[in-house]
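*Asks:* Below is the file final.pdb, which contains PDB, C-alpha atoms and all ligand atoms.
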ATOM      1  CA  MET J1342       0.000   0.000   0.000
ATOM      2  CA  ASN J1343       1.225   3.495  -0.763
ATOM      3  CA  SER J1344       0.961   5.215   2.612
ATOM      4  CA  LEU J1345       1.164   8.622   0.948
ATOM      5  CA  THR J1346      -2.112   8.326  -0.936
ATOM      6  CA  ALA J1347      -4.285   5.786   0.901
ATOM      7  CA  THR J1348      -5.777   6.157   4.386
ATOM      8  CA  PRO J1349      -4.027   3.452   6.396
ATOM      9  CA  THR J1350      -6.013   1.178   8.671
ATOM     10  CA  LEU J1351      -4.750  -1.530  10.975
ATOM     11  CA  SER J1352      -5.739  -5.152  10.529
ATOM     12  CA  ALA J1353      -6.935  -7.255  13.486
ATOM     13  CA  ALA J1354      -3.574  -9.077  13.331
ATOM     14  CA  GLU J1355      -1.648  -5.796  13.624
ATOM     15  CA  LYS J1356      -3.749  -4.728  16.624
ATOM     16  CA  ARG J1357      -3.131  -8.096  18.284
ATOM     17  CA  PHE J1358       0.588  -7.761  17.604
ATOM     18  CA  PHE J1359       0.608  -4.350  19.307
ATOM     19  CA  GLU J1360      -1.311  -5.673  22.317
ATOM     20  CA  GLU J1361       1.118  -8.582  22.681
ATOM     21  CA  ASN J1362       4.385  -6.792  21.931
ATOM     22  CA  GLY J1363       3.898  -3.089  22.683
ATOM     23  CA  TYR J1364       5.155  -1.909  19.298
ATOM     24  CA  LEU J1365       4.239  -1.998  15.629
ATOM     25  CA  GLY J1366       5.985  -1.318  12.350
ATOM     26  CA  PRO J1367       8.003  -0.225  10.538
ATOM     27  CA  TYR J1368       5.690   1.775   8.283
ATOM     28  CA  THR J1369       6.418   4.382   5.635
ATOM     29  CA  LEU J1370       5.439   8.038   5.937
ATOM     30  CA  CYS J1371       7.438   9.256   2.920
ATOM     31  CA  ALA J1372      10.177   8.146   0.545
ATOM     32  CA  PRO J1373      13.864   8.688   1.509
ATOM     33  CA  GLU J1374      14.171  11.287  -1.297
ATOM     34  CA  GLU J1375      11.284  13.294   0.154
ATOM     35  CA  MET J1376      12.771  13.036   3.634
ATOM     36  CA  ALA J1377      16.092  14.330   2.255
ATOM     37  CA  VAL J1378      14.365  17.633   1.387
ATOM     38  CA  ILE J1379      12.543  17.781   4.740
ATOM     39  CA  ARG J1380      15.825  16.967   6.530
ATOM     40  CA  GLY J1381      17.402  20.105   5.030
ATOM     41  CA  GLN J1382      14.563  22.217   6.465
ATOM     42  CA  ILE J1383      14.861  20.507   9.855
ATOM     43  CA  GLU J1384      18.620  21.120   9.990
ATOM     44  CA  HIS J1385      18.569  24.750   8.865
ATOM     45  CA  GLU J1386      15.186  26.120   9.898
ATOM     46  CA  VAL J1387      14.216  24.086  12.971
ATOM     47  CA  LEU J1388      17.156  22.699  14.942
ATOM     48  CA  ALA J1389      19.346  25.722  14.175
ATOM     49  CA  LYS J1390      16.807  28.184  15.667
ATOM     50  CA  PRO J1391      15.294  27.822  19.129
ATOM     51  CA  PRO J1392      11.544  28.459  19.452
ATOM     52  CA  VAL J1393      10.420  31.997  20.282
ATOM     53  CA  ALA J1394       6.773  31.325  21.183
ATOM     54  CA  PHE J1395       7.588  28.963  24.067
ATOM     55  CA  LYS J1396      10.597  28.361  26.286
ATOM     56  CA  ALA J1397      12.143  25.045  25.260
ATOM     57  CA  ALA J1398      15.267  23.644  23.639
ATOM     58  CA  ALA J1399      15.430  23.696  19.835
ATOM     59  CA  CYS J1400      14.711  19.952  19.720
ATOM     60  CA  GLN J1401      11.483  20.128  21.806
ATOM     61  CA  SER J1402       7.895  20.273  20.528
ATOM     62  CA  ARG J1403       8.690  22.163  17.335
ATOM     63  CA  HIS J1404       5.351  21.017  15.918
ATOM     64  CA  LEU J1405       4.053  24.049  17.835
ATOM     65  CA  ASP J1406       5.941  26.600  15.743
ATOM     66  CA  CYS J1407       7.230  24.853  12.599
ATOM     67  CA  ARG J1408       4.762  23.655  10.040
ATOM     68  CA  VAL J1409       7.209  21.127   8.594
ATOM     69  CA  VAL J1410       7.389  19.364  11.977
ATOM     70  CA  TYR J1411       3.641  19.613  12.560
ATOM     71  CA  ASP J1412       2.988  18.049   9.139
ATOM     72  CA  LEU J1413       5.171  15.052  10.044
ATOM     73  CA  CYS J1414       3.498  14.631  13.458
ATOM     74  CA  ALA J1415      -0.038  14.948  12.056
ATOM     75  CA  HIS J1416       0.583  12.868   8.915
ATOM     76  CA  PRO J1417      -2.268  10.411   8.190
ATOM     77  CA  ALA J1418       0.257   7.543   7.940
ATOM     78  CA  VAL J1419       0.948   8.102  11.652
ATOM     79  CA  VAL J1420      -2.374   9.434  12.965
ATOM     80  CA  GLU J1421      -4.705   6.944  11.287
ATOM     81  CA  ARG J1422      -2.697   4.023  12.647
ATOM     82  CA  MET J1423      -2.673   5.564  16.112
ATOM     83  CA  ALA J1424      -6.455   5.965  15.854
ATOM     84  CA  GLY J1425      -6.692   2.245  15.053
ATOM     85  CA  LEU J1426      -5.125   1.583  18.471
ATOM     86  CA  PHE J1427      -6.291   4.471  20.690
ATOM     87  CA  GLY J1428      -9.604   5.561  19.153
ATOM     88  CA  PRO J1429     -10.850   8.497  17.078
ATOM     89  CA  ASP J1430      -9.888  11.463  19.316
ATOM     90  CA  LEU J1431      -6.178  12.214  19.516
ATOM     91  CA  VAL J1432      -4.074  14.987  21.007
ATOM     92  CA  LEU J1433      -0.469  15.762  20.077
ATOM     93  CA  TRP J1434       1.120  16.837  23.364
ATOM     94  CA  ARG J1435       4.848  16.683  22.710
ATOM     95  CA  SER J1436       7.517  15.873  20.149
ATOM     96  CA  ASN J1437      11.265  15.784  20.269
ATOM     97  CA  PHE J1438      14.196  15.268  17.986
ATOM     98  CA  PHE J1439      16.721  12.687  19.179
ATOM     99  CA  THR J1440      20.031  13.521  17.518
ATOM    100  CA  LYS J1441      22.869  11.060  18.029
ATOM    101  CA  GLU J1442      26.087  12.473  16.644
ATOM    102  CA  PRO J1443      29.078  10.127  16.215
ATOM    103  CA  GLY J1444      30.443   9.374  19.686
ATOM    104  CA  SER J1445      27.201  10.174  21.505
ATOM    105  CA  LYS J1446      26.284   8.255  24.635
ATOM    106  CA  GLU J1447      23.946   5.361  25.281
ATOM    107  CA  ILE J1448      20.313   6.167  25.996
ATOM    108  CA  PRO J1449      19.610   3.681  28.793
ATOM    109  CA  TRP J1450      16.803   1.150  28.881
ATOM    110  CA  HIS J1451      13.696   2.991  29.975
ATOM    111  CA  GLN J1452       9.912   3.182  29.861
ATOM    112  CA  ASP J1453       8.723   6.652  28.930
ATOM    113  CA  TRP J1454       5.982   6.864  31.578
ATOM    114  CA  ASN J1455       8.716   7.398  34.190
ATOM    115  CA  TYR J1456       9.534  10.887  32.883
ATOM    116  CA  TRP J1457       6.157  12.330  31.936
ATOM    117  CA  PRO J1458       3.698  14.742  33.631
ATOM    118  CA  ILE J1459       0.497  13.325  32.162
ATOM    119  CA  GLU J1460      -2.439  11.750  34.021
ATOM    120  CA  PRO J1461      -3.340   8.980  33.569
ATOM    121  CA  LEU J1462      -0.156   7.735  31.887
ATOM    122  CA  ILE J1463      -1.507   6.894  28.445
ATOM    123  CA  ASN J1464       0.571   7.625  25.355
ATOM    124  CA  ILE J1465       1.292   6.293  21.913
ATOM    125  CA  SER J1466       4.586   7.347  20.302
ATOM    126  CA  ALA J1467       5.786   7.241  16.724
ATOM    127  CA  TRP J1468       9.554   7.299  16.171
ATOM    128  CA  LEU J1469      10.265   8.640  12.682
ATOM    129  CA  ALA J1470      13.677   8.321  11.016
ATOM    130  CA  ILE J1471      14.980  11.616   9.659
ATOM    131  CA  ASP J1472      18.418  10.080   8.913
ATOM    132  CA  PRO J1473      18.912   6.360   8.248
ATOM    133  CA  ALA J1474      18.775   4.508  11.594
ATOM    134  CA  THR J1475      20.856   1.330  11.550
ATOM    135  CA  LYS J1476      22.550  -0.959  14.060
ATOM    136  CA  GLU J1477      25.786   0.776  13.081
ATOM    137  CA  ASN J1478      24.632   4.300  14.062
ATOM    138  CA  SER J1479      22.572   3.160  17.078
ATOM    139  CA  CYS J1480      18.977   2.645  16.006
ATOM    140  CA  VAL J1481      16.405   2.293  18.778
ATOM    141  CA  GLN J1482      16.114  -1.203  20.271
ATOM    142  CA  LEU J1483      12.859  -2.436  21.840
ATOM    143  CA  LEU J1484      12.057  -5.311  24.167
ATOM    144  CA  PRO J1485       8.790  -6.911  22.976
ATOM    145  CA  GLY J1486       6.190  -7.617  25.659
ATOM    146  CA  THR J1487       7.757  -5.382  28.315
ATOM    147  CA  HIS J1488       4.829  -2.917  28.084
ATOM    148  CA  LYS J1489       2.708  -5.186  30.262
ATOM    149  CA  ARG J1490       4.147  -3.956  33.541
ATOM    150  CA  GLU J1491       5.811  -0.907  35.018
ATOM    151  CA  ILE J1492       9.502  -1.396  35.719
ATOM    152  CA  LYS J1493      11.189   0.506  38.519
ATOM    153  CA  HIS J1494      13.582   3.276  37.434
ATOM    154  CA  VAL J1495      16.780   4.080  39.308
ATOM    155  CA  LYS J1496      19.577   6.648  39.061
ATOM    156  CA  SER J1497      21.581   5.954  35.882
ATOM    157  CA  VAL J1498      24.869   4.131  36.202
ATOM    158  CA  GLY J1499      27.733   4.687  33.734
ATOM    159  CA  ALA J1500      27.913   7.101  30.818
ATOM    160  CA  MET J1501      24.221   7.492  30.027
ATOM    161  CA  ASP J1502      22.286  10.221  28.309
ATOM    162  CA  PHE J1503      19.420  10.172  30.858
ATOM    163  CA  GLY J1504      19.597  10.702  34.622
ATOM    164  CA  GLU J1505      17.307   7.730  35.338
ATOM    165  CA  MET J1506      17.123   4.302  33.786
ATOM    166  CA  ALA J1507      15.011   1.172  34.152
ATOM    167  CA  ASP J1508      16.269  -1.476  36.529
ATOM    168  CA  VAL J1509      16.612  -4.325  34.001
ATOM    169  CA  ALA J1510      18.040  -6.880  36.440
ATOM    170  CA  GLY J1511      16.283 -10.144  35.581
ATOM    171  CA  ILE J1512      15.195  -8.944  32.118
ATOM    172  CA  ASP J1513      16.826 -10.631  29.122
ATOM    173  CA  THR J1514      17.950  -7.644  27.032
ATOM    174  CA  SER J1515      19.488  -9.993  24.430
ATOM    175  CA  LYS J1516      15.914 -10.404  23.090
ATOM    176  CA  ALA J1517      15.915  -6.778  21.897
ATOM    177  CA  VAL J1518      14.596  -5.991  18.424
ATOM    178  CA  ASP J1519      16.628  -3.548  16.289
ATOM    179  CA  MET J1520      14.322  -0.952  14.750
ATOM    180  CA  GLU J1521      16.394  -0.269  11.629
ATOM    181  CA  LEU J1522      14.678   2.349   9.482
ATOM    182  CA  GLN J1523      15.139   4.160   6.192
ATOM    183  CA  PRO J1524      14.560   7.929   6.308
ATOM    184  CA  GLY J1525      10.774   8.443   6.239
ATOM    185  CA  GLN J1526       9.971   5.169   8.027
ATOM    186  CA  PHE J1527       8.569   4.985  11.566
ATOM    187  CA  PHE J1528       7.412   2.569  14.236
ATOM    188  CA  LEU J1529       4.817   2.878  17.004
ATOM    189  CA  PHE J1530       5.261   1.993  20.679
ATOM    190  CA  ASN J1531       3.569   2.799  23.949
ATOM    191  CA  GLU J1532       4.574   4.503  27.195
ATOM    192  CA  ARG J1533       5.629   1.226  28.883
ATOM    193  CA  THR J1534       7.619  -0.488  26.116
ATOM    194  CA  LEU J1535      11.246  -0.801  27.241
ATOM    195  CA  HIS J1536      13.604   0.772  24.718
ATOM    196  CA  HIS J1537      17.100   2.237  24.478
ATOM    197  CA  SER J1538      19.884   2.999  21.996
ATOM    198  CA  ASN J1539      23.571   2.134  22.142
ATOM    199  CA  PRO J1540      26.371   4.701  22.026
ATOM    200  CA  ASN J1541      26.853   5.846  18.428
ATOM    201  CA  ARG J1542      30.179   4.218  17.565
ATOM    202  CA  SER J1543      29.897   5.018  13.856
ATOM    203  CA  ASN J1544      30.841   8.174  11.985
ATOM    204  CA  LYS J1545      27.228   8.739  10.910
ATOM    205  CA  ARG J1546      24.761  11.051  12.644
ATOM    206  CA  ARG J1547      21.297   9.712  13.432
ATOM    207  CA  ILE J1548      18.269  11.984  13.899
ATOM    208  CA  GLY J1549      14.814  10.678  14.793
ATOM    209  CA  LEU J1550      11.611  12.538  15.618
ATOM    210  CA  ALA J1551       9.578  11.119  18.522
ATOM    211  CA  ILE J1552       5.899  12.061  18.206
ATOM    212  CA  ARG J1553       3.857  11.803  21.447
ATOM    213  CA  VAL J1554       0.104  11.471  21.274
ATOM    214  CA  THR J1555      -2.572  10.861  23.876
ATOM    215  CA  VAL J1556      -6.358  11.114  24.195
ATOM    216  CA  PRO J1557      -8.297  14.223  25.324
ATOM    217  CA  SER J1558      -9.282  12.646  28.675
ATOM    218  CA  VAL J1559      -5.617  12.754  29.746
ATOM    219  CA  LYS J1560      -4.546  15.819  31.731
ATOM    220  CA  VAL J1561      -1.218  17.255  30.624
ATOM    221  CA  HIS J1562       0.530  19.205  33.405
ATOM    222  CA  HIS J1563       1.722  22.115  31.275
ATOM    223  CA  ASP J1564       3.471  23.801  34.212
ATOM    224  CA  LYS J1565       5.808  20.774  34.535
ATOM    225  CA  LEU J1566       6.840  21.016  30.857
ATOM    226  CA  TYR J1567       7.745  24.552  29.748
ATOM    227  CA  GLU J1568       6.286  28.023  29.596
ATOM    228  CA  GLY J1569       3.890  28.349  26.690
ATOM    229  CA  HIS J1570       3.274  24.595  26.387
ATOM    230  CA  ARG J1571       0.071  23.643  24.555
ATOM    231  CA  VAL J1572      -1.487  20.556  23.014
ATOM    232  CA  ILE J1573      -2.908  20.329  19.502
ATOM    233  CA  LEU J1574      -5.965  18.252  18.623
ATOM    234  CA  ILE J1575      -4.869  16.210  15.596
ATOM    235  CA  ARG J1576      -7.958  14.024  15.139
ATOM    236  CA  GLY J1577     -11.590  13.939  16.205
ATOM    237  CA  GLU J1578     -13.003  15.992  19.076
ATOM    238  CA  ASP J1579     -11.874  17.278  22.464
ATOM    239  CA  ARG J1580     -14.971  16.911  24.640
ATOM    240  CA  GLN J1581     -13.147  17.061  27.995
ATOM    241  CA  LYS J1582     -11.232  20.324  27.388
ATOM    242  CA  LEU J1583      -8.724  19.558  30.159
ATOM    243  CA  ASN J1584      -5.694  21.105  28.479
ATOM    244  CA  ARG J1585      -4.508  24.368  26.970
ATOM    245  CA  VAL J1586      -4.873  24.070  23.223
ATOM    246  CA  ALA J1587      -3.017  25.650  20.292
ATOM    247  CA  ALA J1588      -3.875  25.783  16.604
ATOM    248  CA  PRO J1589      -1.476  24.158  14.137
ATOM    249  CA  PRO J1590       1.267  26.585  13.059
ATOM    250  CA  GLU J1591       0.812  28.512   9.834
ATOM    251  CA  ALA J1592       2.407  26.995   6.772
ATOM    252  CA  LEU J1593       4.743  29.992   6.476
ATOM    253  CA  ALA J1594       5.861  29.916  10.099
ATOM    254  CA  VAL J1595       8.999  27.872   9.438
ATOM    255  CA  GLY J1596      11.925  30.167  10.133
ATOM    256  CA  ALA J1597       9.746  33.288   9.837
ATOM    257  CA  ALA J1598       9.891  34.155  13.538
ATOM    258  CA  ASN J1599      13.687  34.300  13.664
TER
HETATM  259  O1  LIG J1601      16.249   7.954  19.853
HETATM  260  C1  LIG J1601      16.618   7.289  20.821
HETATM  261  O2  LIG J1601      17.692   6.740  20.838
HETATM  262  C2  LIG J1601      15.724   7.105  22.011
HETATM  263  C3  LIG J1601      14.305   7.456  21.727
HETATM  264  C4  LIG J1601      13.462   7.443  22.938
HETATM  265  O3  LIG J1601      13.890   7.197  24.038
HETATM  266  C5  LIG J1601      12.038   7.751  22.775
HETATM  267  O4  LIG J1601      11.597   8.070  21.678
HETATM  268  O5  LIG J1601      11.305   7.673  23.787
END
Output the structure of this file as structure tokens.
Ligand SMILES: O=C(O)CCC(=O)C(=O)O
*Replies:*
Amino acid sequence: MNSLTATPTLSAAEKRFFEENGYLGPYTLCAPEEMAVIRGQIEHEVLAKPPVAFKAAACQSRHLDCRVVYDLCAHPAVVERMAGLFGPDLVLWRSNFFTKEPGSKEIPWHQDWNYWPIEPLINISAWLAIDPATKENSCVQLLPGTHKREIKHVKSVGAMDFGEMADVAGIDTSKAVDMELQPGQFFLFNERTLHHSNPNRSNKRRIGLAIRVTVPSVKVHHDKLYEGHRVILIRGEDRQKLNRVAAPPEALAVGAAN
């Protein structure tokens, strides 16, 4: 199926796979050639210029002020599959670019719920490859089935990119699945799926965009994120109105504010 032209739906087998394993994919949002053009915009107009409308690092939630990022986060290839798992009403509450330059550290095994100010802890993420993501340049690794329980997190040990990591004593991390992706491909996973990435021992940079989506009945604690934080409704209706909402950025907003 061409994910660029058809509305994707999930089969019963795909939904079962997600329930059993806590992840799904890879799928294709766009061709590598199309992502090469988008990558240029991300490098020069997004990551090179911090946001002005809200106080966050240049890699955080740029779907709020850059149309190119919003269009990736709200792409039907992503959103329609998320709707197949989480229902018709969806809220984009966060996104971030994970850039691993050559020599960058390990991101430890973790479950995302541990770090997030949302209540209840319900989230579906898409991880979209901006650069190729391979074993060589430290693609994300997932542990299937680990989403079924919460794992205690402890202070990180060793040279890690995060301050806290999951306590994986007793968990067989050799069963990890390598999520190797071409630019423009993505996978889905939930807030309890254990994942990590190795140090980047190659000479190739790896950028991915993590897209975080929840449902309108989840309260996002804006004050624990950053000043000016908002959510954007990307599908269906927000009947609960629990969160501060923003409109999608204008198409011309990329780079215009700086
Ligand atoms: O990109 C990585 O290596 C880690 C990604 C991650 O931790 C996430 O998307 O939650």
*Asks:* I'd like the residues picked by the PyMOL selection byres (((not hetatm)) within 6 of (chain J and resi 1601)) written out as a list in words, using the chain letters and numbers from the file.
*Replies:* Phe1439, Ile1448, Asp1453, Trp1468, Val1481, His1537, Ser1538, Gly1549 and Ala1551 of chain J
*Asks:* Those residues you just picked out, can you put them in a file as a tab-separated table (two decimals), in the coordinates of the input with C-alpha atoms?
*Replies:*
chain	number	residue	atom	x	y	z
J	1439	PHE	CA	16.72	12.69	19.18
J	1448	ILE	CA	20.31	6.17	26.00
J	1453	ASP	CA	8.72	6.65	28.93
J	1468	TRP	CA	9.55	7.30	16.17
J	1481	VAL	CA	16.40	2.29	18.78
J	1537	HIS	CA	17.10	2.24	24.48
J	1538	SER	CA	19.88	3.00	22.00
J	1549	GLY	CA	14.81	10.68	14.79
J	1551	ALA	CA	9.58	11.12	18.52
*Asks:* Do you know which residues the PyMOL selection byres (((chain J and resi 1559) around 8) and not hetatm) returns on this file, as a PDB file with C-alpha atoms, in the coordinates of the input?
*Replies:*
ATOM      1  CA  ILE J1459       0.497  13.325  32.162  1.00  0.00           C
ATOM      2  CA  GLU J1460      -2.439  11.750  34.021  1.00  0.00           C
ATOM      3  CA  PRO J1461      -3.340   8.980  33.569  1.00  0.00           C
ATOM      4  CA  LEU J1462      -0.156   7.735  31.887  1.00  0.00           C
ATOM      5  CA  ILE J1463      -1.507   6.894  28.445  1.00  0.00           C
ATOM      6  CA  THR J1555      -2.572  10.861  23.876  1.00  0.00           C
ATOM      7  CA  VAL J1556      -6.358  11.114  24.195  1.00  0.00           C
ATOM      8  CA  PRO J1557      -8.297  14.223  25.324  1.00  0.00           C
ATOM      9  CA  SER J1558      -9.282  12.646  28.675  1.00  0.00           C
ATOM     10  CA  LYS J1560      -4.546  15.819  31.731  1.00  0.00           C
ATOM     11  CA  VAL J1561      -1.218  17.255  30.624  1.00  0.00           C
ATOM     12  CA  LEU J1583      -8.724  19.558  30.159  1.00  0.00           C
TER      13      LEU J1583
END
*Asks:* For this structure, which residues satisfy the selection - the PyMOL selection byres (((chain J and resi 1578) around 10) and not hetatm) - when it is evaluated on the file as given? I want them as a PyMOL selection string.
*Replies:* chain J and resi 1429-1432+1556-1557+1574-1577+1579-1582
*Asks:* Show me a table, sorted first by chain and then by increasing residue number, of the residues of stretch 1528-1587 of chain J having an atom at most 9 Å from stretch 1364-1373 of chain J, each with its shortest atom pair and the distance in Å to one decimal, counting only C-alpha atoms and written as a Markdown table.
*Replies:*
| residue | atom | partner | partner_atom | distance |
| --- | --- | --- | --- | --- |
| J:Phe1528 | CA | J:Gly1366 | CA | 4.5 |
| J:Leu1529 | CA | J:Leu1365 | CA | 5.1 |
| J:Phe1530 | CA | J:Tyr1364 | CA | 4.1 |
| J:Asn1531 | CA | J:Tyr1364 | CA | 6.8 |
| J:Thr1534 | CA | J:Tyr1364 | CA | 7.4 |
*Asks:* Residues within 7 Å of J:Asp1519, please, as a list in words. Count only C-alpha atoms; anything in the same chain fewer than 5 positions from it doesn't count.
*Replies:*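 Answer for this query is Lys1476, Cys1480, Val1481, Gln1482 and Leu1483 of chain J.
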*Asks:* When distances are computed from all atoms listed in the file, which of J:Glu1355, J:Glu1442, J:Glu1386, J:Glu1375 shows the smallest separation from J:Cys1407?
*Replies:*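 Nearest candidate to J:Cys1407 out of J:Glu1355, J:Glu1442, J:Glu1386, J:Glu1375: J:Glu1386.
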*Asks:* Grab the atom CA of J:Pro1392 to atom CA of J:Ala1587 distance for me, in Å with one decimal place.
*Replies:*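 That distance, rounded to one decimal, is 14.9 Å.
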*Asks:* May I have the residues within 8 Å of J:His1494 as a list in words, using all atoms listed in the file and disregarding those fewer than 4 positions away in the same chain?
*Replies:*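 Neighbouring residues, sequence-local ones excluded: His1451, Asn1455, Glu1505, Met1506, Ala1507 and Asp1508 of chain J.
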*Asks:* So which one's closest to J:Phe1395, J:Tyr1567, J:Phe1527, J:Phe1438, J:Trp1457? Using only C-alpha atoms, please.
*Replies:*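 Smallest separation from J:Phe1395 among the options: J:Tyr1567.
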*Asks:* Find the residues around J:Lys1446 up to 7 Å (all atoms listed in the file counted), leave out those fewer than 3 positions away in its own chain, and share them as a ChimeraX atom specification.
*Replies:* /J:1500-1502,1540-1541
*Asks:* Could you write stretch 1540-1563 of chain J as a compact mmCIF listing (two decimals), in the coordinates of the input, with N, CA and C atoms rebuilt where they are missing?
*Replies:*
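The result, written out as rebuild_20.txt:
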# COMPACT_ATOMS: atom_id res chain seq x y z
N PRO J 1540 25.54 3.55 22.43
CA PRO J 1540 26.37 4.70 22.03
C PRO J 1540 26.53 4.67 20.50
N ASN J 1541 26.64 5.84 19.89
CA ASN J 1541 26.85 5.85 18.43
C ASN J 1541 28.35 5.71 18.14
N ARG J 1542 28.75 4.49 17.79
CA ARG J 1542 30.18 4.22 17.57
C ARG J 1542 30.55 4.40 16.10
N SER J 1543 29.61 4.83 15.29
CA SER J 1543 29.90 5.02 13.86
C SER J 1543 30.31 6.47 13.60
N ASN J 1544 30.57 6.77 12.32
CA ASN J 1544 30.84 8.17 11.98
C ASN J 1544 29.63 8.82 11.32
N LYS J 1545 28.45 8.21 11.55
CA LYS J 1545 27.23 8.74 10.91
C LYS J 1545 26.24 9.25 11.96
N ARG J 1546 25.78 10.48 11.75
CA ARG J 1546 24.76 11.05 12.64
C ARG J 1546 23.44 10.31 12.47
N ARG J 1547 22.63 10.32 13.52
CA ARG J 1547 21.30 9.71 13.43
C ARG J 1547 20.29 10.63 14.11
N ILE J 1548 19.35 11.16 13.32
CA ILE J 1548 18.27 11.98 13.90
C ILE J 1548 16.95 11.24 13.75
N GLY J 1549 16.18 11.19 14.85
CA GLY J 1549 14.81 10.68 14.79
C GLY J 1549 13.88 11.69 15.43
N LEU J 1550 12.62 11.67 15.01
CA LEU J 1550 11.61 12.54 15.62
C LEU J 1550 10.62 11.65 16.38
N ALA J 1551 10.55 11.87 17.70
CA ALA J 1551 9.58 11.12 18.52
C ALA J 1551 8.31 11.96 18.64
N ILE J 1552 7.19 11.37 18.27
CA ILE J 1552 5.90 12.06 18.21
C ILE J 1552 5.03 11.47 19.32
N ARG J 1553 4.58 12.31 20.26
CA ARG J 1553 3.86 11.80 21.45
C ARG J 1553 2.39 12.22 21.37
N VAL J 1554 1.54 11.24 21.45
CA VAL J 1554 0.10 11.47 21.27
C VAL J 1554 -0.66 10.79 22.40
N THR J 1555 -1.70 11.47 22.87
CA THR J 1555 -2.57 10.86 23.88
C THR J 1555 -4.03 11.12 23.50
N VAL J 1556 -4.93 10.90 24.45
CA VAL J 1556 -6.36 11.11 24.20
C VAL J 1556 -6.81 12.32 25.03
N PRO J 1557 -7.91 12.98 24.63
CA PRO J 1557 -8.30 14.22 25.32
C PRO J 1557 -8.65 14.05 26.80
N SER J 1558 -8.95 12.84 27.25
CA SER J 1558 -9.28 12.65 28.68
C SER J 1558 -8.03 12.59 29.56
N VAL J 1559 -6.86 12.72 28.96
CA VAL J 1559 -5.62 12.75 29.75
C VAL J 1559 -5.25 14.21 30.04
N LYS J 1560 -4.96 14.47 31.32
CA LYS J 1560 -4.55 15.82 31.73
C LYS J 1560 -3.03 15.96 31.56
N VAL J 1561 -2.65 16.97 30.81
CA VAL J 1561 -1.22 17.26 30.62
C VAL J 1561 -0.85 18.39 31.58
N HIS J 1562 0.13 18.16 32.45
CA HIS J 1562 0.53 19.20 33.40
C HIS J 1562 1.51 20.16 32.72
N HIS J 1563 0.93 21.17 32.07
CA HIS J 1563 1.72 22.12 31.28
C HIS J 1563 2.84 22.76 32.09
